[in-house]
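Colleague: Next up, start24.txt (compact mmCIF, C-alpha atoms and all ligand atoms).
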# COMPACT_ATOMS: atom_id res chain seq x y z
CA MET A 651 120.52 94.89 101.88
CA LEU A 652 124.17 94.80 102.92
CA GLU A 653 124.93 92.71 99.86
CA ALA A 654 123.24 95.32 97.64
CA ILE A 655 125.20 98.13 99.28
CA ALA A 656 128.43 96.21 98.73
CA GLN A 657 127.61 95.75 95.02
CA CYS A 658 126.37 99.26 94.21
CA THR A 659 127.89 101.82 91.85
CA LEU A 660 129.79 104.67 93.50
CA ASP A 661 129.48 107.43 90.94
CA ASP A 662 128.63 111.06 91.57
CA ASP A 663 124.93 111.80 91.95
CA ALA A 664 125.50 115.56 92.12
CA PHE A 665 126.34 115.16 88.40
CA ARG A 666 123.53 112.61 87.94
CA GLU A 667 126.08 109.96 86.99
CA ASP A 668 125.22 107.26 89.51
CA ALA A 669 123.46 104.37 87.78
CA THR A 670 122.08 102.87 91.01
CA THR A 671 120.48 106.19 92.00
CA ASN A 672 119.22 107.02 88.50
CA SER A 673 117.67 103.59 88.24
CA LEU A 674 115.95 103.91 91.65
CA GLN A 675 114.56 107.33 90.69
CA ASP A 676 113.18 105.96 87.40
CA TYR A 677 111.78 102.94 89.23
CA ILE A 678 109.95 104.94 91.91
CA ALA A 679 108.64 107.44 89.34
CA ALA A 680 107.22 104.54 87.30
CA ARG A 681 105.75 102.77 90.33
CA THR A 682 104.04 105.93 91.55
CA GLY A 683 102.80 107.04 88.12
CA HIS A 684 104.84 110.26 87.97
CA GLU A 685 107.29 111.59 85.37
CA SER A 686 110.30 112.06 87.57
CA ALA A 687 111.82 111.45 91.01
CA LEU A 688 114.59 112.82 93.19
CA LEU A 689 116.50 111.10 96.00
CA VAL A 690 116.54 113.12 99.23
CA MET A 691 118.04 112.32 102.60
CA SER A 692 114.89 112.31 104.74
CA GLY A 693 111.13 112.69 104.78
CA THR A 694 111.53 116.17 106.22
CA MET A 695 113.86 117.17 103.41
CA GLY A 696 111.42 115.80 100.83
CA ASN A 697 108.45 117.70 102.26
CA GLN A 698 110.34 120.94 102.70
CA ILE A 699 111.80 120.87 99.19
CA ALA A 700 108.39 120.01 97.73
CA ILE A 701 106.66 122.89 99.50
CA ARG A 702 109.45 125.33 98.61
CA THR A 703 109.28 124.22 94.98
CA HIS A 704 105.50 124.53 94.68
CA LEU A 705 105.24 128.03 96.16
CA ALA A 706 106.39 130.68 93.72
CA GLN A 707 105.09 134.11 94.61
CA PRO A 708 103.57 135.37 97.89
CA PRO A 709 101.01 135.85 99.27
CA TYR A 710 100.45 132.17 99.83
CA ALA A 711 99.08 129.83 102.48
CA VAL A 712 99.57 126.10 102.98
CA LEU A 713 96.67 124.16 104.40
CA CYS A 714 97.27 120.90 106.31
CA ASP A 715 95.90 118.69 109.08
CA HIS A 716 96.66 120.25 112.49
CA ARG A 717 98.66 117.12 113.42
CA ALA A 718 100.63 116.99 110.15
CA HIS A 719 104.33 116.23 110.33
CA ILE A 720 105.11 119.37 108.30
CA ILE A 721 103.68 121.54 111.07
CA SER A 722 104.42 119.49 114.19
CA SER A 723 107.86 118.05 113.59
CA GLU A 724 109.77 119.86 110.86
CA ALA A 725 111.26 122.64 112.99
CA GLY A 726 109.05 125.35 111.52
CA GLY A 727 110.60 124.66 108.12
CA VAL A 728 107.63 125.78 106.04
CA SER A 729 107.73 129.26 107.56
CA ALA A 730 111.52 129.43 107.44
CA TRP A 731 111.94 128.33 103.81
CA THR A 732 108.85 129.88 102.26
CA GLY A 733 107.35 132.47 104.61
CA ALA A 734 103.97 130.86 103.94
CA THR A 735 101.08 131.15 106.34
CA VAL A 736 100.39 127.60 107.51
CA VAL A 737 96.72 126.94 108.22
CA PRO A 738 96.18 123.91 110.47
CA VAL A 739 92.79 122.26 110.02
CA THR A 740 91.14 119.88 112.49
CA PRO A 741 89.36 117.00 110.74
CA LYS A 742 85.74 116.74 111.83
CA ASN A 743 85.87 112.96 111.84
CA GLY A 744 88.97 112.99 114.09
CA ASP A 745 90.94 110.81 111.68
CA TYR A 746 91.56 112.42 108.27
CA LEU A 747 90.71 115.60 106.39
CA THR A 748 87.70 115.55 104.09
CA LEU A 749 86.73 117.91 101.29
CA ASP A 750 84.20 119.44 103.66
CA ASP A 751 86.99 120.34 106.15
CA ILE A 752 89.11 121.77 103.33
CA GLU A 753 86.31 123.85 101.80
CA ARG A 754 85.58 125.41 105.18
CA SER A 755 89.21 126.48 105.68
CA ALA A 756 90.64 127.31 102.25
CA VAL A 757 90.84 130.88 100.98
CA ILE A 758 90.09 131.10 97.27
CA SER A 759 88.80 134.65 97.01
CA ASP A 760 90.65 137.72 95.70
CA ASN A 761 89.90 139.64 98.89
CA ILE A 762 93.21 141.36 99.60
CA HIS A 763 92.79 141.00 103.36
CA HIS A 764 93.19 137.24 103.29
CA CYS A 765 96.06 134.94 102.42
CA PRO A 766 95.12 132.73 99.45
CA THR A 767 95.52 128.96 99.76
CA LYS A 768 98.05 127.89 97.12
CA LEU A 769 98.95 124.45 98.40
CA ILE A 770 97.25 121.69 100.36
CA SER A 771 99.61 119.25 102.04
CA LEU A 772 97.96 115.96 102.97
CA GLU A 773 99.52 113.06 104.89
CA ASN A 774 98.85 109.34 104.58
CA THR A 775 99.04 107.50 106.83
CA LEU A 776 98.70 110.11 109.58
CA HIS A 777 99.24 108.63 113.04
CA GLY A 778 98.84 105.24 111.36
CA ILE A 779 95.33 106.02 110.09
CA VAL A 780 94.55 105.77 106.38
CA MET A 781 93.02 108.54 104.28
CA PRO A 782 90.72 106.76 101.79
CA LEU A 783 91.57 107.18 98.12
CA ASP A 784 88.15 108.49 97.10
CA GLU A 785 88.37 111.31 99.66
CA ALA A 786 91.89 112.19 98.49
CA GLN A 787 90.64 112.28 94.89
CA ARG A 788 87.73 114.55 95.80
CA ILE A 789 90.10 116.96 97.54
CA VAL A 790 92.57 116.99 94.64
CA ASP A 791 89.82 117.52 92.03
CA TRP A 792 88.36 120.40 94.01
CA ALA A 793 91.84 121.90 94.63
CA HIS A 794 92.78 121.75 90.96
CA SER A 795 89.53 123.34 89.91
CA ASN A 796 90.45 126.23 92.24
CA GLY A 797 94.07 126.57 91.11
CA ILE A 798 95.48 124.91 94.25
CA LEU A 799 98.24 122.28 94.14
CA VAL A 800 98.28 119.21 96.39
CA HIS A 801 101.35 117.58 97.93
CA LEU A 802 101.20 114.28 99.83
CA ASP A 803 103.51 113.50 102.72
CA GLY A 804 103.61 109.81 101.89
CA ALA A 805 106.37 108.84 104.31
CA ARG A 806 104.04 106.01 105.33
CA LEU A 807 102.00 105.66 102.13
CA TRP A 808 103.30 102.09 101.72
CA GLU A 809 101.36 101.11 104.84
CA ALA A 810 98.14 102.67 103.52
CA VAL A 811 98.39 100.69 100.27
CA VAL A 812 99.01 97.45 102.16
CA TYR A 813 95.99 98.24 104.35
CA ALA A 814 93.85 98.73 101.21
CA SER A 815 94.59 95.07 100.49
CA GLY A 816 94.18 95.07 96.71
CA ARG A 817 91.47 97.76 96.40
CA TYR A 818 93.98 100.26 95.00
CA SER A 819 97.63 100.14 94.06
CA LEU A 820 100.57 102.35 95.01
CA ARG A 821 100.27 103.94 91.58
CA ASP A 822 96.50 104.53 91.90
CA TYR A 823 97.03 106.45 95.12
CA ALA A 824 100.29 108.24 94.36
CA SER A 825 99.38 109.44 90.87
CA THR A 826 96.46 111.45 92.31
CA PHE A 827 98.78 114.15 93.70
CA ASP A 828 100.97 116.86 92.19
CA SER A 829 103.89 115.63 94.28
CA ILE A 830 104.60 113.06 96.97
CA SER A 831 107.46 112.30 99.29
CA VAL A 832 107.93 108.67 100.27
CA CYS A 833 110.37 107.26 102.83
CA PHE A 834 112.62 104.22 102.56
CA SER A 835 113.45 104.21 106.26
CA LYS A 836 110.70 103.79 108.92
CA GLY A 837 108.33 100.95 107.92
CA LEU A 838 110.45 99.89 104.93
CA GLY A 839 113.54 99.51 107.12
CA ALA A 840 116.28 101.09 104.98
CA PRO A 841 118.87 102.97 107.02
CA ILE A 842 118.33 106.31 105.27
CA GLY A 843 116.62 107.99 102.36
CA SER A 844 113.39 109.31 100.91
CA MET A 845 112.20 110.26 97.46
CA LEU A 846 110.25 113.11 96.00
CA VAL A 847 108.15 112.44 92.89
CA GLY A 848 106.27 114.74 90.53
CA SER A 849 106.39 116.19 87.03
CA SER A 850 109.74 116.58 85.23
CA GLU A 851 109.47 120.36 85.55
CA PHE A 852 108.78 120.12 89.29
CA ILE A 853 111.68 117.73 89.91
CA LYS A 854 114.02 119.90 87.85
CA ARG A 855 113.29 122.86 90.17
CA ALA A 856 113.32 120.66 93.27
CA ARG A 857 116.88 119.54 92.39
CA TRP A 858 117.93 123.18 92.66
CA PHE A 859 116.48 123.53 96.16
CA ARG A 860 117.97 120.19 97.21
CA GLN A 861 121.38 121.47 96.19
CA SER A 862 120.88 124.73 98.09
CA ILE A 863 120.42 122.93 101.40
CA GLY A 864 123.29 120.50 100.92
CA GLY A 865 121.07 117.58 99.96
CA GLY A 866 122.89 116.84 96.70
CA ILE A 867 125.39 114.18 97.61
CA ARG A 868 128.16 112.31 95.83
CA GLN A 869 128.26 108.51 96.27
CA ALA A 870 124.49 108.17 96.67
CA GLY A 871 124.54 104.54 95.50
CA VAL A 872 125.04 103.32 99.07
CA ILE A 873 121.69 104.87 99.95
CA SER A 874 119.80 103.99 96.76
CA SER A 875 120.89 100.36 96.71
CA ALA A 876 119.56 99.75 100.23
CA ALA A 877 116.36 101.64 99.42
CA ARG A 878 115.69 99.45 96.38
CA VAL A 879 115.91 96.29 98.49
CA ALA A 880 113.64 97.88 101.11
CA VAL A 881 110.96 98.66 98.52
CA ASP A 882 111.10 95.30 96.77
CA GLU A 883 111.31 93.12 99.86
CA VAL A 884 109.30 94.98 102.44
CA PHE A 885 106.57 96.65 100.36
CA GLY A 886 106.92 94.14 97.50
CA ARG A 887 107.39 94.17 93.74
CA ASP A 888 103.66 93.90 93.11
CA PRO A 889 101.50 97.04 92.83
CA TYR A 890 99.44 96.30 95.96
CA GLY A 891 102.16 95.45 98.49
CA GLU A 892 100.71 91.99 98.95
CA GLU A 893 103.95 90.06 98.51
CA GLY A 894 106.19 92.05 100.86
CA LYS A 895 106.94 91.68 104.54
CA MET A 896 104.92 94.73 105.53
CA SER A 897 101.60 92.96 105.94
CA GLY A 898 103.31 90.82 108.61
CA SER A 899 104.10 94.02 110.56
CA HIS A 900 100.45 95.01 110.42
CA ARG A 901 99.38 91.60 111.74
CA ARG A 902 101.94 91.96 114.51
CA ALA A 903 100.64 95.42 115.41
CA ARG A 904 97.10 94.03 115.70
CA HIS A 905 98.42 91.19 117.85
CA ILE A 906 100.22 93.63 120.20
CA ALA A 907 97.03 95.71 120.45
CA SER A 908 95.04 92.60 121.34
CA LEU A 909 97.57 91.68 124.08
CA TRP A 910 96.96 95.14 125.52
CA THR A 911 93.16 95.08 125.30
CA GLN A 912 92.88 91.45 126.55
CA ARG A 913 94.51 92.69 129.75
CA GLY A 914 91.96 95.48 130.12
CA GLY A 915 94.02 98.20 128.40
CA GLN A 916 92.26 100.81 126.26
CA LEU A 917 93.32 102.13 122.86
CA LEU A 918 93.08 105.72 121.62
CA LYS A 919 92.21 104.51 118.11
CA PRO A 920 91.82 101.23 116.25
CA VAL A 921 94.93 99.70 114.72
CA GLN A 922 94.83 99.98 110.92
CA THR A 923 98.50 99.75 109.99
CA ASN A 924 101.68 99.50 112.07
CA MET A 925 100.90 101.96 114.88
CA ILE A 926 99.32 101.16 118.21
CA TRP A 927 98.07 104.07 120.33
CA LEU A 928 97.70 103.12 123.97
CA ASP A 929 95.17 105.17 125.93
CA LEU A 930 97.27 105.39 129.08
CA ASP A 931 94.85 107.68 130.93
CA ALA A 932 91.85 105.43 130.37
CA SER A 933 93.98 102.37 131.18
CA GLU A 934 95.20 104.07 134.37
CA VAL A 935 98.85 103.53 133.48
CA ASN A 936 101.39 106.19 134.31
CA PRO A 937 103.66 106.86 131.26
CA SER A 938 106.86 106.97 133.35
CA TYR A 939 105.92 103.68 134.99
CA LEU A 940 105.35 102.14 131.54
CA ARG A 941 108.78 103.36 130.42
CA GLU A 942 110.44 102.08 133.59
CA VAL A 943 108.88 98.61 133.35
CA GLY A 944 109.81 98.55 129.66
CA ARG A 945 113.40 99.39 130.56
CA GLN A 946 113.50 96.56 133.10
CA LYS A 947 112.21 94.10 130.49
CA GLY A 948 114.56 95.41 127.79
CA VAL A 949 111.96 97.21 125.66
CA ARG A 950 112.47 100.92 125.05
CA LEU A 951 109.09 102.65 125.10
CA SER A 952 108.48 106.36 124.68
CA ALA A 953 104.88 107.08 125.59
CA SER A 954 101.54 106.03 124.21
CA ARG A 955 102.65 105.20 120.65
CA ILE A 956 104.14 101.86 119.64
CA VAL A 957 105.33 101.52 116.03
CA VAL A 958 106.00 98.09 114.54
CA HIS A 959 108.34 97.31 111.67
CA TYR A 960 109.19 94.01 110.06
CA GLN A 961 112.25 93.39 112.20
CA VAL A 962 110.29 93.50 115.47
CA SER A 963 110.77 89.91 116.64
CA ASP A 964 108.71 87.32 118.52
CA GLU A 965 111.03 87.88 121.45
CA THR A 966 110.26 91.61 121.52
CA VAL A 967 106.54 90.86 121.47
CA SER A 968 106.89 88.42 124.32
CA ARG A 969 108.83 91.00 126.39
CA LEU A 970 106.14 93.53 125.59
CA ARG A 971 103.53 91.08 126.85
CA GLU A 972 105.43 90.88 130.12
CA VAL A 973 105.46 94.69 130.32
CA PHE A 974 101.69 94.73 129.75
CA ASP A 975 101.23 92.04 132.44
CA VAL A 976 103.00 94.24 134.98
CA VAL A 977 101.54 97.65 134.16
CA LEU A 978 97.99 96.33 133.73
CA GLN A 979 98.38 94.02 136.78
CA TRP A 980 97.51 90.87 134.88
CA PRO A 981 96.30 88.31 135.74
CA GLN A 982 94.06 90.22 138.13
CA GLN A 983 94.05 89.05 141.74
CA PRO A 984 90.70 87.55 142.86
C1 LIG B 1 104.41 111.21 108.14
C2 LIG B 1 105.84 111.59 108.28
N1 LIG B 1 106.35 112.50 107.47
C3 LIG B 1 107.64 112.87 107.53
C4 LIG B 1 108.49 112.30 108.45
C5 LIG B 1 109.91 112.77 108.52
O1 LIG B 1 110.81 111.83 108.12
P1 LIG B 1 112.36 111.98 108.53
O2 LIG B 1 112.45 111.58 109.96
O3 LIG B 1 113.03 111.02 107.60
O4 LIG B 1 112.74 113.39 108.29
C6 LIG B 1 108.00 111.33 109.33
C7 LIG B 1 108.88 110.72 110.34
O5 LIG B 1 108.54 109.89 111.12
C8 LIG B 1 106.64 110.96 109.24
O6 LIG B 1 106.10 110.05 110.06
Represent the structure contained in this file as structure tokens.

Modeller:
Amino acid sequence: MLEAIAQCTLDDDAFREDATTNSLQDYIAARTGHESALLVMSGTMGNQIAIRTHLAQPPYAVLCDHRAHIISSEAGGVSAWTGATVVPVTPKNGDYLTLDDIERSAVISDNIHHCPTKLISLENTLHGIVMPLDEAQRIVDWAHSNGILVHLDGARLWEAVVYASGRYSLRDYASTFDSISVCFSKGLGAPIGSMLVGSSEFIKRARWFRQSIGGGIRQAGVISSAARVAVDEVFGRDPYGEEGKMSGSHRRARHIASLWTQRGGQLLKPVQTNMIWLDLDASEVNPSYLREVGRQKGVRLSASRIVVHYQVSDETVSRLREVFDVVLQWPQQP
């Protein structure tokens, strides 16, 4: 990655002159089955620009999962940038939204008392759990037949495709939506950068909004070059993510979860991708105690969520095992 950064072009992306960035945008558009793509600085910036670009004329409402990143962790951006009513929906199955959940919550009537749903924003993976492709397709088909657009927060879509293990490709999943944002940092391990994909018309308008919030930058090659390596090496060059390093992170996450459960710890949900959710209440572990023991063993833990990426080493896992030994009092005394 450092080698790629050192070799990259340093032309001006605000004028669309940077070959490294143009090539990455074309590459990601092709791999996701969309016409066009736009480099943005973060997942938040990608989501916010996408939502701003899709919503043209109030009244409008955006429907999303009640835990979605756009509502929980983007500083109220949807309201600030668009004034939209955001409608949080709780999935009945506890894991991902289904068409049934959406139909119960969307407003498609002309009744002037209500705020019409104009955009559905889905997220995959959400908390590390995969939304199946057939459910996503059902939602998009229904939305389109009711004049509603669908954006996907695909910051962690790479993980969902790797989890699918050959049943569908990145392109199969991504091309279902009107727009998607994908991230090169997080699981892919680049230092910075995300990308928004969609139709040429959509991306043309999105470029305007990116500029308005200072997201159009000059020597973007340093970001794009690292992102390209992250995609090719960590997700993989193949359509299914089978050749990249990411599947190793998923194996490692399952291994960490098994170290926890073998010692009597409980999980909040099964591990599908790279996230492990420890049920600290059921495991009778105090979160501050977990953090403190982690600190002593040299592992920085926040609370119940552990996220694995491909650079998490054997040594980290073995320190984590020691943390689990202490907090779960393992081996148990006779
Ligand atoms: C699903 C999802 N969407 C969006 C984001 C935001 O990305 P960023 O931190 O790059 O703004 C994150 C960050 O973790 C995320 O998990």

Colleague: My list of candidates is A:Pro708, A:Gly898, A:Gly804, A:Pro741. Which is closest to ligand LIG 1 (chain B) when distances are computed with all atoms listed in the file?

Modeller: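 Among the listed residues, A:Gly804 lies closest to ligand LIG 1 (chain B).
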
Colleague: Can you pull out every residue within 7 Å of Thr670 of chain A, counting only C-alpha atoms, but drop anything in the same chain fewer than 4 positions away, and send it as a short mmCIF file (atom, residue, chain, number, x, y, z; two decimals) with C-alpha atoms, in the frame of the given file?

Modeller:
data_model
loop_
_atom_site.label_atom_id
_atom_site.label_comp_id
_atom_site.auth_asym_id
_atom_site.auth_seq_id
_atom_site.Cartn_x
_atom_site.Cartn_y
_atom_site.Cartn_z
CA CYS A 658 126.37 99.26 94.21
CA THR A 659 127.89 101.82 91.85
CA LEU A 674 115.95 103.91 91.65
CA GLY A 871 124.54 104.54 95.50
CA SER A 874 119.80 103.99 96.76
CA SER A 875 120.89 100.36 96.71
#

Colleague: Just the residues within 12 Å of Ile678 of chain A, please, counting all atoms listed in the file, with nothing from its chain fewer than 6 positions along; format it as a list in words.

Modeller: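 Residues near the query, excluding close chain neighbours: Thr671, Asn672, His684, Glu685, Ser686, Ala687, Leu688, Leu689, Leu820, Arg821, Ala824, Ser825, Ile830, Ser831, Val832, Cys833, Phe834, Ser844, Met845, Leu846, Val847, Gly848, Ser874, Ala877, Arg878, Val881, Asp882, Arg887 and Pro889 of chain A.
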
Colleague: As a PyMOL selection string, please: the residues near Ile798 of chain A (cut-off 6 Å, only C-alpha atoms, same-chain neighbours under 5 positions excluded).

Modeller: chain A and resi 768-769+793

Colleague: In terms of the shortest atom-to-atom distance over all atoms listed in the file, which of A:Trp808, A:Phe859, A:Trp927, A:Phe974 is closest to ligand LIG 1 (chain B)?

Modeller: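 Ranked by minimum distance to ligand LIG 1 (chain B), first place goes to A:Trp808.
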
Colleague: Taking all atoms listed in the file into account, list the residues no farther than 8 Å from ligand LIG 1 (chain B), as number ranges by chain.

Modeller: A: 691-697, 718-720, 723-724, 773-777, 803-806, 833, 835-836, 842-844

Colleague: May I have a table of the residues of segment 820-880 of chain A lying at most 12 Å from segment 945-969 of chain A, giving each one's closest pair of atoms and their distance in Å to one decimal, counting all atoms listed in the file, ordered by chain and ascending residue number, as JSON lines?

Modeller:
{"residue": "A:Ser835", "atom": "CA", "partner": "A:His959", "partner_atom": "CA", "distance": 10.1}
{"residue": "A:Lys836", "atom": "CA", "partner": "A:His959", "partner_atom": "CA", "distance": 7.4}
{"residue": "A:Gly837", "atom": "CA", "partner": "A:His959", "partner_atom": "CA", "distance": 5.2}
{"residue": "A:Leu838", "atom": "CA", "partner": "A:His959", "partner_atom": "CA", "distance": 7.5}
{"residue": "A:Gly839", "atom": "CA", "partner": "A:His959", "partner_atom": "CA", "distance": 7.3}
{"residue": "A:Ala840", "atom": "CA", "partner": "A:His959", "partner_atom": "CA", "distance": 11.0}
{"residue": "A:Ala880", "atom": "CA", "partner": "A:Tyr960", "partner_atom": "CA", "distance": 10.7}

Colleague: Those residues you just picked out, can you put them in a file as a PDB file, in the frame of the given file with C-alpha atoms?

Modeller:
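Saved to part.pdb:
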ATOM      1  CA  SER A 835     113.450 104.210 106.260  1.00  0.00           C
ATOM      2  CA  LYS A 836     110.700 103.790 108.920  1.00  0.00           C
ATOM      3  CA  GLY A 837     108.330 100.950 107.920  1.00  0.00           C
ATOM      4  CA  LEU A 838     110.450  99.890 104.930  1.00  0.00           C
ATOM      5  CA  GLY A 839     113.540  99.510 107.120  1.00  0.00           C
ATOM      6  CA  ALA A 840     116.280 101.090 104.980  1.00  0.00           C
ATOM      7  CA  ALA A 880     113.640  97.880 101.110  1.00  0.00           C
TER       8      ALA A 880
END

Colleague: May I ask for the distance between atom CA of Arg754 of chain A and atom CA of Asp791 of chain A, given in Å to one decimal place?

Modeller: 15.9 Å

Colleague: I'd like the contact shell of segment 864-869 of chain A - 6 Å cut-off, all atoms listed in the file, skipping same-chain residues fewer than 6 positions apart - returned as a PyMOL selection string.

Modeller: chain A and resi 660-664

Colleague: Calculate how many Å separate atom CA of Pro920 of chain A from atom CA of Thr682 of chain A, rounding to one decimal.

Modeller: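 Those two atoms sit 28.0 Å apart.
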
Colleague: For atom CA of Ala679 of chain A and atom CA of Ser850 of chain A, determine how far apart the two atoms are, in Å to one decimal place.

Modeller: 10.1 Å

Colleague: I need the residue nearest Ser862 of chain A from this list: A:Lys742, A:Arg702, A:Arg817, A:Arg902. Use only C-alpha atoms for the distance.

Modeller: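 Selected residue with least distance to Ser862 of chain A: A:Arg702.
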
Colleague: Output as CSV one row per residue of segment 770-803 of chain A within 12 Å of segment 729-738 of chain A: the closest atom pair and its distance in Å to one decimal place, counting only C-alpha atoms, sorted by chain and residue number ascending.

Modeller:
residue,atom,partner,partner_atom,distance
A:Ile770,CA,A:Val737,CA,9.5
A:Ser771,CA,A:Val736,CA,10.0
A:Leu772,CA,A:Pro738,CA,11.1

Colleague: Could you tell me which of A:Ser819, A:Val977, A:Val728, A:Asp888 comes closest to Glu934 of chain A if we count all atoms listed in the file?

Modeller: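 The shortest atom-to-atom distance to Glu934 of chain A comes from A:Val977.
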
Colleague: So which one's closest to Val800 of chain A, A:Ile779, A:Ala700, A:Val879, A:Ala814? Using only C-alpha atoms, please.

Modeller: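 Going through A:Ile779, A:Ala700, A:Val879, A:Ala814 one by one, the smallest distance to Val800 of chain A is for A:Ala700.
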
Colleague: Which one is closest to Ser849 of chain A: A:Ala903, A:Asp828, A:Tyr710, A:Glu653? Count only C-alpha atoms.

Modeller: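 For Ser849 of chain A, the nearest of the candidates is A:Asp828.
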
Colleague: Emit as JSON the padded axis-aligned box for all listed atoms of segment 769-779 of chain A, 6 Å per side, with centre and edge lengths in Å to one decimal.

Modeller:
{"center_x": 97.5, "center_y": 114.8, "center_z": 105.7, "size_x": 16.3, "size_y": 31.2, "size_z": 26.6}

Colleague: List the spatial neighbours of Lys919 of chain A as an NGL selection string - criterion: any atom at most 10 Å away, only C-alpha atoms, same-chain residues fewer than 4 positions off excluded.

Modeller: :A and (744-745 or 777-779 or 925-929)
